[in-house]
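What follows is run-v2.cif (mmCIF, C-alpha atoms).
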data_start
loop_
_atom_site.label_atom_id
_atom_site.label_comp_id
_atom_site.auth_asym_id
_atom_site.auth_seq_id
_atom_site.Cartn_x
_atom_site.Cartn_y
_atom_site.Cartn_z
CA MET M 50 7.98 16.39 5.42
CA LYS M 51 7.01 19.95 4.46
CA LYS M 52 9.86 20.18 1.94
CA TRP M 53 8.74 16.93 0.32
CA LYS M 54 5.21 18.29 -0.02
CA ARG M 55 6.50 21.49 -1.62
CA ASP M 56 8.47 19.38 -4.10
CA LYS M 57 5.31 17.42 -4.88
CA ARG M 58 3.45 20.62 -5.73
CA LYS M 59 6.28 21.81 -7.97
CA LYS M 60 6.73 18.59 -9.89
CA GLY M 61 3.11 17.47 -9.91
CA ILE M 62 3.93 14.22 -8.11
CA THR M 63 0.83 12.45 -6.91
CA GLY M 64 2.56 9.78 -4.86
CA ALA M 65 1.20 7.07 -7.15
CA GLU M 66 2.46 8.28 -10.49
CA GLY M 67 2.36 5.62 -13.12
CA ARG M 68 0.18 3.45 -10.90
CA ARG M 69 -2.15 1.19 -12.82
CA PHE M 70 -4.44 -1.36 -11.24
CA THR M 71 -4.31 -3.47 -14.41
CA LYS M 72 -1.56 -4.08 -16.93
CA LYS M 73 -1.94 -3.08 -20.56
CA VAL M 74 -2.80 -6.10 -22.67
CA SER M 75 -3.65 -4.34 -25.91
CA GLY M 76 -0.67 -6.02 -27.59
CA LYS M 77 -2.31 -9.44 -27.15
CA ILE M 78 -5.63 -8.59 -28.77
CA GLY M 79 -6.31 -10.84 -31.75
CA LEU M 80 -3.53 -13.31 -30.98
CA PRO M 81 -4.30 -17.03 -30.49
CA PRO M 82 -4.32 -18.49 -26.96
CA GLY M 83 -0.88 -19.35 -25.67
CA SER M 84 0.89 -16.49 -27.48
CA LEU M 85 3.85 -15.26 -25.47
CA VAL M 86 3.61 -11.46 -25.29
CA HIS M 87 5.20 -9.71 -22.33
CA THR M 88 2.78 -7.19 -20.78
CA GLY M 89 4.74 -6.08 -17.71
CA ASP M 90 7.11 -3.17 -17.16
CA LYS M 91 9.80 -2.74 -19.76
CA ARG M 92 13.25 -3.89 -18.70
CA GLU M 93 16.55 -3.54 -20.43
CA GLY M 94 19.29 -6.13 -20.27
CA GLY M 95 19.39 -9.88 -20.31
CA VAL M 96 17.86 -12.57 -18.16
CA ARG M 97 19.70 -13.91 -15.13
CA ILE M 98 19.41 -17.68 -14.55
CA ARG M 99 20.64 -19.21 -11.30
CA ILE M 100 20.69 -22.91 -10.50
CA VAL M 101 20.67 -24.48 -7.04
CA GLU M 102 21.01 -28.25 -6.71
CA TYR M 103 20.95 -30.04 -3.38
CA GLU M 104 20.53 -33.51 -1.94
CA GLY M 105 21.25 -34.09 1.74
CA ASP M 106 24.73 -32.76 2.49
CA ARG M 107 25.49 -32.07 -1.17
CA PHE M 108 24.85 -28.50 -2.30
CA GLN M 109 25.77 -26.71 -5.52
CA GLU M 110 24.95 -23.21 -6.67
CA ARG M 111 25.89 -21.61 -9.97
CA GLU M 112 24.77 -19.17 -12.63
CA ILE M 113 24.20 -20.32 -16.23
CA ARG M 114 23.63 -18.63 -19.55
CA SER M 115 21.23 -21.13 -21.09
CA LEU M 116 18.65 -23.49 -19.66
CA ASP M 117 20.06 -26.33 -21.78
CA GLU M 118 23.06 -26.50 -19.40
CA CYS M 119 20.97 -27.99 -16.57
CA PHE M 120 18.79 -30.43 -18.52
CA PRO M 121 17.74 -33.21 -18.55
CA LEU M 122 16.45 -33.24 -14.96
CA GLU M 123 15.00 -36.77 -14.98
CA SER M 124 18.41 -38.37 -14.45
CA LYS M 125 19.20 -36.18 -11.41
CA PRO M 126 18.00 -37.45 -8.03
CA ALA M 127 18.77 -34.08 -6.45
CA VAL M 128 16.24 -31.24 -6.14
CA THR M 129 16.95 -28.55 -8.73
CA TRP M 130 15.85 -24.95 -8.26
CA ILE M 131 15.95 -22.85 -11.42
CA ASP M 132 15.51 -19.16 -10.63
CA ILE M 133 14.91 -16.93 -13.67
CA ASP M 134 15.02 -13.15 -13.16
CA GLY M 135 13.28 -11.45 -16.06
CA ILE M 136 10.23 -12.49 -18.05
CA HIS M 137 10.63 -9.87 -20.76
CA ASP M 138 12.68 -12.36 -22.80
CA THR M 139 9.87 -14.62 -23.95
CA GLU M 140 12.28 -16.99 -25.70
CA VAL M 141 13.72 -18.05 -22.34
CA VAL M 142 10.21 -18.72 -21.04
CA ARG M 143 9.35 -20.62 -24.20
CA ARG M 144 12.48 -22.75 -23.90
CA ALA M 145 11.68 -23.57 -20.27
CA GLY M 146 8.23 -24.70 -21.37
CA GLU M 147 9.69 -26.93 -24.05
CA LEU M 148 12.23 -28.56 -21.71
CA LEU M 149 9.69 -29.22 -18.94
CA ASN M 150 6.70 -29.85 -21.22
CA LEU M 151 4.66 -27.00 -19.69
CA HIS M 152 1.22 -26.03 -21.00
CA PRO M 153 1.21 -23.06 -23.44
CA LEU M 154 -1.49 -21.25 -21.43
CA LEU M 155 0.70 -21.55 -18.34
CA LEU M 156 3.59 -19.92 -20.20
CA GLU M 157 1.24 -17.17 -21.33
CA ASP M 158 0.31 -16.47 -17.70
CA ILE M 159 3.98 -16.28 -16.74
CA VAL M 160 4.79 -13.50 -19.22
CA THR M 161 1.47 -11.70 -18.63
CA ALA M 162 2.19 -9.63 -15.55
CA GLY M 163 -0.85 -8.66 -13.52
CA GLN M 164 -2.27 -12.14 -12.92
CA HIS M 165 -4.28 -12.72 -9.76
CA PRO M 166 -2.69 -15.04 -7.17
CA LYS M 167 -3.78 -18.56 -8.03
CA VAL M 168 -2.75 -22.21 -8.09
CA GLU M 169 -3.27 -24.63 -10.97
CA GLU M 170 -2.92 -28.38 -10.67
CA HIS M 171 -1.55 -30.29 -13.65
CA ASP M 172 -0.62 -33.95 -14.07
CA ASP M 173 3.11 -33.67 -13.44
CA TYR M 174 3.50 -30.25 -11.83
CA LEU M 175 1.78 -27.45 -9.92
CA PHE M 176 1.69 -23.83 -11.03
CA ILE M 177 1.50 -20.95 -8.51
CA VAL M 178 1.16 -17.24 -9.14
CA LEU M 179 1.49 -14.64 -6.37
CA LYS M 180 2.53 -11.03 -5.82
CA ARG M 181 5.74 -9.80 -4.23
CA LEU M 182 5.14 -6.42 -2.56
CA GLU M 183 7.66 -3.70 -1.80
CA MET M 184 7.43 -0.19 -0.40
CA LYS M 185 9.49 2.15 -2.55
CA ASP M 186 11.25 5.15 -1.04
CA GLY M 187 10.51 8.65 -2.23
CA PRO M 188 12.82 11.68 -1.89
CA GLU M 189 14.60 12.02 1.47
CA GLY M 190 13.65 8.45 2.42
CA ILE M 191 9.92 9.17 2.66
CA ASP M 192 7.64 6.26 1.78
CA ASN M 193 6.24 6.83 -1.67
CA GLU M 194 4.17 3.93 -2.98
CA ILE M 195 3.66 0.19 -2.90
CA SER M 196 4.90 -1.76 -5.91
CA ALA M 197 3.82 -5.29 -6.80
CA GLU M 198 5.78 -7.79 -8.86
CA GLN M 199 4.49 -11.07 -10.17
CA ILE M 200 6.19 -14.27 -9.02
CA SER M 201 5.47 -17.54 -10.84
CA ILE M 202 6.38 -20.90 -9.34
CA VAL M 203 6.29 -24.27 -11.11
CA PHE M 204 7.36 -27.37 -9.19
CA GLY M 205 7.35 -31.03 -10.09
CA SER M 206 8.76 -34.23 -8.69
CA ASN M 207 12.39 -33.08 -8.52
CA TYR M 208 12.51 -29.42 -9.56
CA VAL M 209 11.25 -25.93 -8.72
CA LEU M 210 11.12 -23.25 -11.40
CA THR M 211 10.61 -19.59 -10.40
CA PHE M 212 10.07 -16.57 -12.63
CA SER M 213 10.46 -12.97 -11.40
CA GLU M 214 9.94 -9.72 -13.26
CA HIS M 215 13.04 -8.15 -11.69
CA GLU M 216 15.94 -9.26 -9.57
CA ASP M 217 15.20 -8.91 -5.86
CA GLU M 218 16.60 -9.92 -2.47
CA THR M 219 13.47 -11.83 -1.48
CA PHE M 220 14.98 -15.18 -2.39
CA ALA M 221 18.29 -14.41 -0.66
CA SER M 222 16.94 -15.73 2.64
CA VAL M 223 15.87 -18.94 0.88
CA ARG M 224 19.36 -19.45 -0.51
CA ASP M 225 20.83 -18.81 2.94
CA LEU M 226 18.63 -21.56 4.40
CA LEU M 227 19.74 -23.98 1.72
CA ARG M 228 23.39 -23.08 2.30
CA SER M 229 23.09 -23.74 6.04
CA ALA M 230 25.62 -26.22 7.38
CA ASN M 231 23.15 -28.60 9.00
CA GLY M 232 21.39 -29.20 5.70
CA ARG M 233 18.05 -29.84 7.38
CA PHE M 234 16.13 -28.06 4.62
CA ARG M 235 17.97 -30.01 1.93
CA ARG M 236 16.52 -33.32 3.05
CA ARG M 237 13.02 -32.37 1.94
CA GLY M 238 11.44 -32.39 -1.49
CA PRO M 239 10.64 -29.64 -3.99
CA ASP M 240 7.24 -29.05 -2.38
CA TYR M 241 8.99 -27.87 0.79
CA LEU M 242 11.23 -25.58 -1.27
CA ALA M 243 8.11 -24.11 -2.88
CA TYR M 244 6.70 -23.57 0.61
CA ILE M 245 9.87 -21.74 1.73
CA ILE M 246 9.69 -19.45 -1.32
CA LEU M 247 6.01 -18.80 -0.69
CA ASP M 248 6.66 -18.06 2.99
CA ALA M 249 9.51 -15.67 2.13
CA VAL M 250 7.23 -13.68 -0.18
CA VAL M 251 4.41 -13.51 2.39
CA ASP M 252 6.81 -12.44 5.16
CA ARG M 253 7.73 -9.35 3.15
CA TYR M 254 4.09 -8.31 3.31
CA PHE M 255 4.56 -7.59 7.02
CA LEU M 256 7.46 -5.25 6.24
CA VAL M 257 5.25 -3.33 3.82
CA LEU M 258 2.44 -3.19 6.37
CA ASP M 259 4.80 -1.87 9.07
CA ARG M 260 5.95 1.01 6.88
CA LEU M 261 2.44 1.67 5.69
CA GLY M 262 1.25 1.80 9.31
CA GLU M 263 3.93 4.39 10.13
CA ARG M 264 2.82 6.45 7.16
CA ILE M 265 -0.81 6.30 8.31
CA GLU M 266 0.19 7.39 11.82
CA ARG M 267 2.10 10.40 10.44
CA THR M 268 -0.90 11.40 8.36
CA GLU M 269 -3.21 11.05 11.37
CA GLU M 270 -0.99 13.27 13.51
CA GLU M 271 -0.91 15.91 10.79
CA LEU M 272 -4.65 15.57 10.33
CA ILE M 273 -5.32 16.32 13.99
CA SER M 274 -2.72 19.07 14.45
CA THR M 275 -2.67 21.02 11.17
CA PRO M 276 -5.16 19.70 8.60
CA SER M 277 -4.81 21.22 5.14
CA ALA M 278 -5.57 20.56 1.50
CA GLU M 279 -2.27 18.64 1.26
CA THR M 280 -3.53 16.33 4.00
CA VAL M 281 -6.56 15.48 1.88
CA ASN M 282 -4.22 14.62 -0.99
CA ASP M 283 -2.20 12.34 1.31
CA ILE M 284 -5.38 10.60 2.44
CA HIS M 285 -6.44 10.12 -1.17
CA LEU M 286 -3.07 8.57 -1.98
CA LEU M 287 -3.38 6.27 1.03
CA LYS M 288 -6.80 5.18 -0.21
CA ARG M 289 -5.29 4.24 -3.56
CA GLU M 290 -2.49 2.34 -1.82
CA MET M 291 -5.00 0.41 0.30
CA LEU M 292 -7.07 -0.49 -2.76
CA PHE M 293 -3.92 -1.64 -4.55
CA LEU M 294 -2.79 -3.64 -1.50
CA ARG M 295 -6.19 -5.26 -1.03
CA LYS M 296 -6.35 -6.20 -4.71
CA SER M 297 -2.95 -7.90 -4.43
CA VAL M 298 -3.48 -9.67 -1.10
CA TRP M 299 -7.13 -10.70 -1.05
CA PRO M 300 -6.87 -13.55 -3.65
CA LEU M 301 -3.79 -14.89 -1.85
CA ARG M 302 -5.91 -16.46 0.91
CA GLU M 303 -7.85 -18.60 -1.53
CA MET M 304 -4.66 -19.49 -3.39
CA VAL M 305 -2.90 -20.81 -0.25
CA SER M 306 -6.07 -22.59 0.85
CA SER M 307 -6.38 -24.28 -2.54
CA LEU M 308 -2.74 -25.35 -2.44
CA GLN M 309 -3.27 -26.78 1.02
CA ARG M 310 -6.37 -28.75 -0.04
CA CYS M 311 -5.12 -29.97 -3.41
CA GLY M 312 -5.00 -33.74 -3.86
CA SER M 313 -1.74 -33.78 -5.79
CA GLU M 314 0.88 -36.30 -4.68
CA LEU M 315 3.51 -33.61 -5.26
CA VAL M 316 2.53 -31.97 -1.95
CA ASP M 317 3.57 -34.07 1.05
CA GLU M 318 1.40 -34.21 4.18
CA THR M 319 4.23 -32.71 6.21
CA THR M 320 4.36 -29.73 3.85
CA ARG M 321 0.60 -29.22 4.16
CA ALA M 322 1.10 -28.50 7.88
CA TYR M 323 3.57 -25.74 6.98
CA LEU M 324 1.13 -24.39 4.41
CA ARG M 325 -1.42 -23.98 7.20
CA ASP M 326 1.08 -21.70 8.90
CA VAL M 327 1.41 -19.62 5.72
CA HIS M 328 -2.38 -19.48 5.54
CA ASP M 329 -2.45 -18.06 9.09
CA HIS M 330 0.09 -15.42 8.07
CA VAL M 331 -2.04 -14.46 5.09
CA ILE M 332 -5.07 -14.08 7.38
CA GLN M 333 -3.02 -11.76 9.61
CA VAL M 334 -2.02 -9.69 6.59
CA LEU M 335 -5.65 -9.45 5.47
CA ASP M 336 -6.84 -8.44 8.94
CA THR M 337 -4.17 -5.74 9.18
CA THR M 338 -5.02 -4.54 5.67
CA GLU M 339 -8.71 -4.23 6.54
CA THR M 340 -7.83 -2.38 9.75
CA PHE M 341 -5.65 0.10 7.85
CA ARG M 342 -8.37 0.46 5.25
CA GLU M 343 -10.94 1.40 7.89
CA MET M 344 -8.49 3.86 9.45
CA VAL M 345 -7.81 5.56 6.13
CA TYR M 346 -11.49 5.81 5.25
CA GLY M 347 -12.17 7.21 8.73
CA MET M 348 -9.60 9.95 8.12
CA PHE M 349 -12.00 11.72 5.76
CA ASP M 350 -14.57 11.91 8.53
CA ILE M 351 -11.93 13.25 10.90
CA TYR M 352 -10.86 15.85 8.34
CA LEU M 353 -14.44 17.00 7.74
CA SER M 354 -15.05 17.14 11.50
CA SER M 355 -11.89 19.21 11.97
CA LEU M 356 -12.96 21.63 9.26
CA SER M 357 -16.43 21.87 10.78
CA ASN M 358 -15.01 22.54 14.25
CA ARG M 359 -12.68 25.21 12.92
CA MET M 360 -15.55 26.82 11.04
CA ASN M 361 -17.70 26.74 14.18
CA GLU M 362 -14.96 28.46 16.18
CA VAL M 363 -14.62 31.18 13.57
CA MET M 364 -18.39 31.67 13.37
CA LYS M 365 -18.62 31.85 17.17
CA ILE M 366 -16.04 34.63 17.36
CA LEU M 367 -17.71 36.53 14.53
CA THR M 368 -21.11 36.13 16.16
CA MET M 369 -19.83 37.50 19.48
CA PHE M 370 -18.33 40.52 17.78
CA ALA M 371 -21.53 41.09 15.84
CA SER M 372 -23.62 40.74 19.01
CA ILE M 373 -21.53 43.39 20.75
CA PHE M 374 -21.45 45.89 17.91
CA ILE M 375 -25.07 45.63 16.73
CA PRO M 376 -26.52 47.59 19.72
CA LEU M 377 -23.59 50.02 19.60
CA THR M 378 -24.20 50.58 15.92
CA PHE M 379 -27.87 51.16 16.66
CA LEU M 380 -27.07 53.89 19.23
CA VAL M 381 -24.53 55.55 16.96
CA GLY M 382 -27.02 55.40 14.10
CA VAL M 383 -29.77 57.05 16.19
CA TYR M 384 -27.57 59.92 17.26
CA GLY M 385 -26.18 60.28 13.78
CA MET M 386 -29.55 61.45 12.44
CA ASN M 387 -29.69 65.12 11.40
CA PHE M 388 -32.86 66.17 13.26
CA GLU M 389 -32.81 69.66 14.75
CA PHE M 390 -35.00 69.00 17.80
CA MET M 391 -33.25 66.11 19.56
CA PRO M 392 -33.21 66.78 23.34
CA GLU M 393 -29.88 65.05 24.05
CA LEU M 394 -28.00 67.07 21.48
CA LYS M 395 -28.08 70.21 23.66
CA TRP M 396 -26.92 68.48 26.83
CA LYS M 397 -23.43 69.31 28.02
CA TRP M 398 -22.56 65.77 29.15
CA SER M 399 -24.46 63.79 26.49
CA TYR M 400 -21.36 62.74 24.52
CA PRO M 401 -19.35 61.23 27.42
CA ILE M 402 -22.52 59.67 28.89
CA LEU M 403 -23.17 57.92 25.56
CA TRP M 404 -19.63 56.61 25.51
CA LEU M 405 -19.88 55.30 29.06
CA PHE M 406 -23.20 53.65 28.26
CA MET M 407 -21.80 51.92 25.16
CA ILE M 408 -18.67 50.73 26.99
CA ALA M 409 -20.73 49.40 29.88
CA MET M 410 -23.00 47.58 27.43
CA ALA M 411 -20.03 45.97 25.64
CA VAL M 412 -18.38 44.93 28.93
CA SER M 413 -21.60 43.47 30.31
CA MET M 414 -22.09 41.39 27.14
CA LEU M 415 -18.51 40.09 27.34
CA VAL M 416 -19.06 39.10 30.98
CA TYR M 417 -22.28 37.35 30.00
CA PHE M 418 -20.56 35.41 27.19
CA LYS M 419 -17.75 34.43 29.57
CA ARG M 420 -20.20 33.06 32.13
CA LYS M 421 -21.88 31.05 29.41
CA LYS M 422 -18.41 29.71 28.48
CA TRP M 423 -18.83 30.73 24.85
CA PHE M 424 -15.16 31.66 24.65
#
If you took the structure in this file and wrote it as structure tokens, what would it be?
Amino acid sequence: MKKWKRDKRKKGITGAEGRRFTKKVSGKIGLPPGSLVHTGDKREGGVRIRIVEYEGDRFQEREIRSLDECFPLESKPAVTWIDIDGIHDTEVVRRAGELLNLHPLLLEDIVTAGQHPKVEEHDDYLFIVLKRLEMKDGPEGIDNEISAEQISIVFGSNYVLTFSEHEDETFASVRDLLRSANGRFRRRGPDYLAYIILDAVVDRYFLVLDRLGERIERTEEELISTPSAETVNDIHLLKREMLFLRKSVWPLREMVSSLQRCGSELVDETTRAYLRDVHDHVIQVLDTTETFREMVYGMFDIYLSSLSNRMNEVMKILTMFASIFIPLTFLVGVYGMNFEFMPELKWKWSYPILWLFMIAMAVSMLVYFKRKKWF
């Protein structure tokens, strides 16, 4: 821990370097609505497109190069899941919109990273936007910062279309469920698949909260044992993380609630019951987030109280020393005056008597302070 903090001072790492609460959208200024301009993090390489088709006991999974290989979907009774990793290639997003007849403003939201979690109801499909959270590791495995990635979901009568900024293992659990031998999940419609994807994303929030809670506990222990200026910096970084987390999670409750209440025939009543479970999970995430937020904000009060207590201890010691030496200084100052007719100056035992008197005075004051429990 100490080595990591020394490295931070050397390199100027703040723990949230590059963190922005909003994405840059200056490249879209002046363009007409529906213009596809990617505003997320830059990514090199192509787009990965994976197709999963299932119907009862039949299951097929493959990777394709072009979306035209899996269309048209109307003639396929099976549920088709098209997973697209990478929204930086706007031509792929545009082609998906053309093949599925998606609204241009919807496509614009897909390539504009930084959207708030929301759900939009259209005639033939539903559009969902949410955040996928991840806790990145810093040097030596120390938690560094929370990263958020936009996930877009479009599902219709027989398909689910997902867009991710980067390739991730979040959907691996979903694919494992669909590959399961019993095929229970394959007998449901695309709305249930959308629910599974939504639930997988929300479940990862608990992993982030667990690691964030451990980080808060470490900071609290350091705050109580050895508070320092570096501790204040850690608390400040935690405050930024909590603001970022709250901004990403808070709209999710309304989004899930809206999806649960929507009157679209694409969402089956059975799936609505599962969505209530996701809504409960989101409430748990929000409650934990608010608890962590209160703990982090309370750390500043603890730090100021610790500094005040340490200052009081120092001032108490200095005051005791001053109280002991003030009368001694007074006596020494009196007998340091250069008057000729001072009666004690001619006494044989005046010097040792003065020393004994000063020592007795200092000891008596120490005994008095001890009885008062001032030290």
Given the file shown, enumerate the residues that the PyMOL selection byres ((chain M and resi 302) around 12) captures and present them as a ChimeraX atom specification.
/M:165-168,179,251,295-301,303-309,324-336
Enumerate, as a ChimeraX atom specification, the residues matched when the PyMOL selection byres ((chain M and resi 278-282) around 9) is run on the file above.
/M:54,63,268,271-272,275-277,283-287,348-349,352
Determine the residue membership of the PyMOL selection byres ((chain M and resi 356-370) around 10) for the file above and supply it as a PyMOL selection string.
chain M and resi 276-277+350-355+371-375+411+414-415+418+423-424
Test item: residues at most 12 Å from M:Asp225, all atoms listed in the file, excluding those fewer than 3 positions along its chain, as an mmCIF file with C-alpha atoms, in the frame of the given file:
data_model
loop_
_atom_site.group_PDB
_atom_site.id
_atom_site.type_symbol
_atom_site.label_atom_id
_atom_site.label_comp_id
_atom_site.auth_asym_id
_atom_site.auth_seq_id
_atom_site.Cartn_x
_atom_site.Cartn_y
_atom_site.Cartn_z
ATOM 1 C CA VAL M 101 20.670 -24.480 -7.040
ATOM 2 C CA PHE M 108 24.850 -28.500 -2.300
ATOM 3 C CA GLU M 110 24.950 -23.210 -6.670
ATOM 4 C CA GLU M 218 16.600 -9.920 -2.470
ATOM 5 C CA THR M 219 13.470 -11.830 -1.480
ATOM 6 C CA PHE M 220 14.980 -15.180 -2.390
ATOM 7 C CA ALA M 221 18.290 -14.410 -0.660
ATOM 8 C CA SER M 222 16.940 -15.730 2.640
ATOM 9 C CA ARG M 228 23.390 -23.080 2.300
ATOM 10 C CA SER M 229 23.090 -23.740 6.040
ATOM 11 C CA ALA M 230 25.620 -26.220 7.380
ATOM 12 C CA ASN M 231 23.150 -28.600 9.000
ATOM 13 C CA GLY M 232 21.390 -29.200 5.700
ATOM 14 C CA PHE M 234 16.130 -28.060 4.620
ATOM 15 C CA ARG M 235 17.970 -30.010 1.930
ATOM 16 C CA ILE M 245 9.870 -21.740 1.730
ATOM 17 C CA ILE M 246 9.690 -19.450 -1.320
ATOM 18 C CA ALA M 249 9.510 -15.670 2.130
#
Residues at most 8 Å from stretch 206-214 of chain M, counting only C-alpha atoms, excluding those fewer than 2 positions away in the same chain, as a PyMOL selection string?
chain M and resi 89+122-123+126-137+159+173-174+198-204+216+238-239+242-243+315
Output C-alpha atoms of each residue in that selection to a file, as an mmCIF file, keeping the file's coordinate frame.
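Output contents, as saved in selection.cif:
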data_model
loop_
_atom_site.group_PDB
_atom_site.id
_atom_site.type_symbol
_atom_site.label_atom_id
_atom_site.label_comp_id
_atom_site.auth_asym_id
_atom_site.auth_seq_id
_atom_site.Cartn_x
_atom_site.Cartn_y
_atom_site.Cartn_z
ATOM 1 C CA GLY M 89 4.740 -6.080 -17.710
ATOM 2 C CA LEU M 122 16.450 -33.240 -14.960
ATOM 3 C CA GLU M 123 15.000 -36.770 -14.980
ATOM 4 C CA PRO M 126 18.000 -37.450 -8.030
ATOM 5 C CA ALA M 127 18.770 -34.080 -6.450
ATOM 6 C CA VAL M 128 16.240 -31.240 -6.140
ATOM 7 C CA THR M 129 16.950 -28.550 -8.730
ATOM 8 C CA TRP M 130 15.850 -24.950 -8.260
ATOM 9 C CA ILE M 131 15.950 -22.850 -11.420
ATOM 10 C CA ASP M 132 15.510 -19.160 -10.630
ATOM 11 C CA ILE M 133 14.910 -16.930 -13.670
ATOM 12 C CA ASP M 134 15.020 -13.150 -13.160
ATOM 13 C CA GLY M 135 13.280 -11.450 -16.060
ATOM 14 C CA ILE M 136 10.230 -12.490 -18.050
ATOM 15 C CA HIS M 137 10.630 -9.870 -20.760
ATOM 16 C CA ILE M 159 3.980 -16.280 -16.740
ATOM 17 C CA ASP M 173 3.110 -33.670 -13.440
ATOM 18 C CA TYR M 174 3.500 -30.250 -11.830
ATOM 19 C CA GLU M 198 5.780 -7.790 -8.860
ATOM 20 C CA GLN M 199 4.490 -11.070 -10.170
ATOM 21 C CA ILE M 200 6.190 -14.270 -9.020
ATOM 22 C CA SER M 201 5.470 -17.540 -10.840
ATOM 23 C CA ILE M 202 6.380 -20.900 -9.340
ATOM 24 C CA VAL M 203 6.290 -24.270 -11.110
ATOM 25 C CA PHE M 204 7.360 -27.370 -9.190
ATOM 26 C CA GLU M 216 15.940 -9.260 -9.570
ATOM 27 C CA GLY M 238 11.440 -32.390 -1.490
ATOM 28 C CA PRO M 239 10.640 -29.640 -3.990
ATOM 29 C CA LEU M 242 11.230 -25.580 -1.270
ATOM 30 C CA ALA M 243 8.110 -24.110 -2.880
ATOM 31 C CA LEU M 315 3.510 -33.610 -5.260
#
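If you measure from each of M:Thr161, M:Thr338, M:Ser196, M:Ser115 to M:Glu140 using only C-alpha atoms, the closest one turns out to be M:Ser115.
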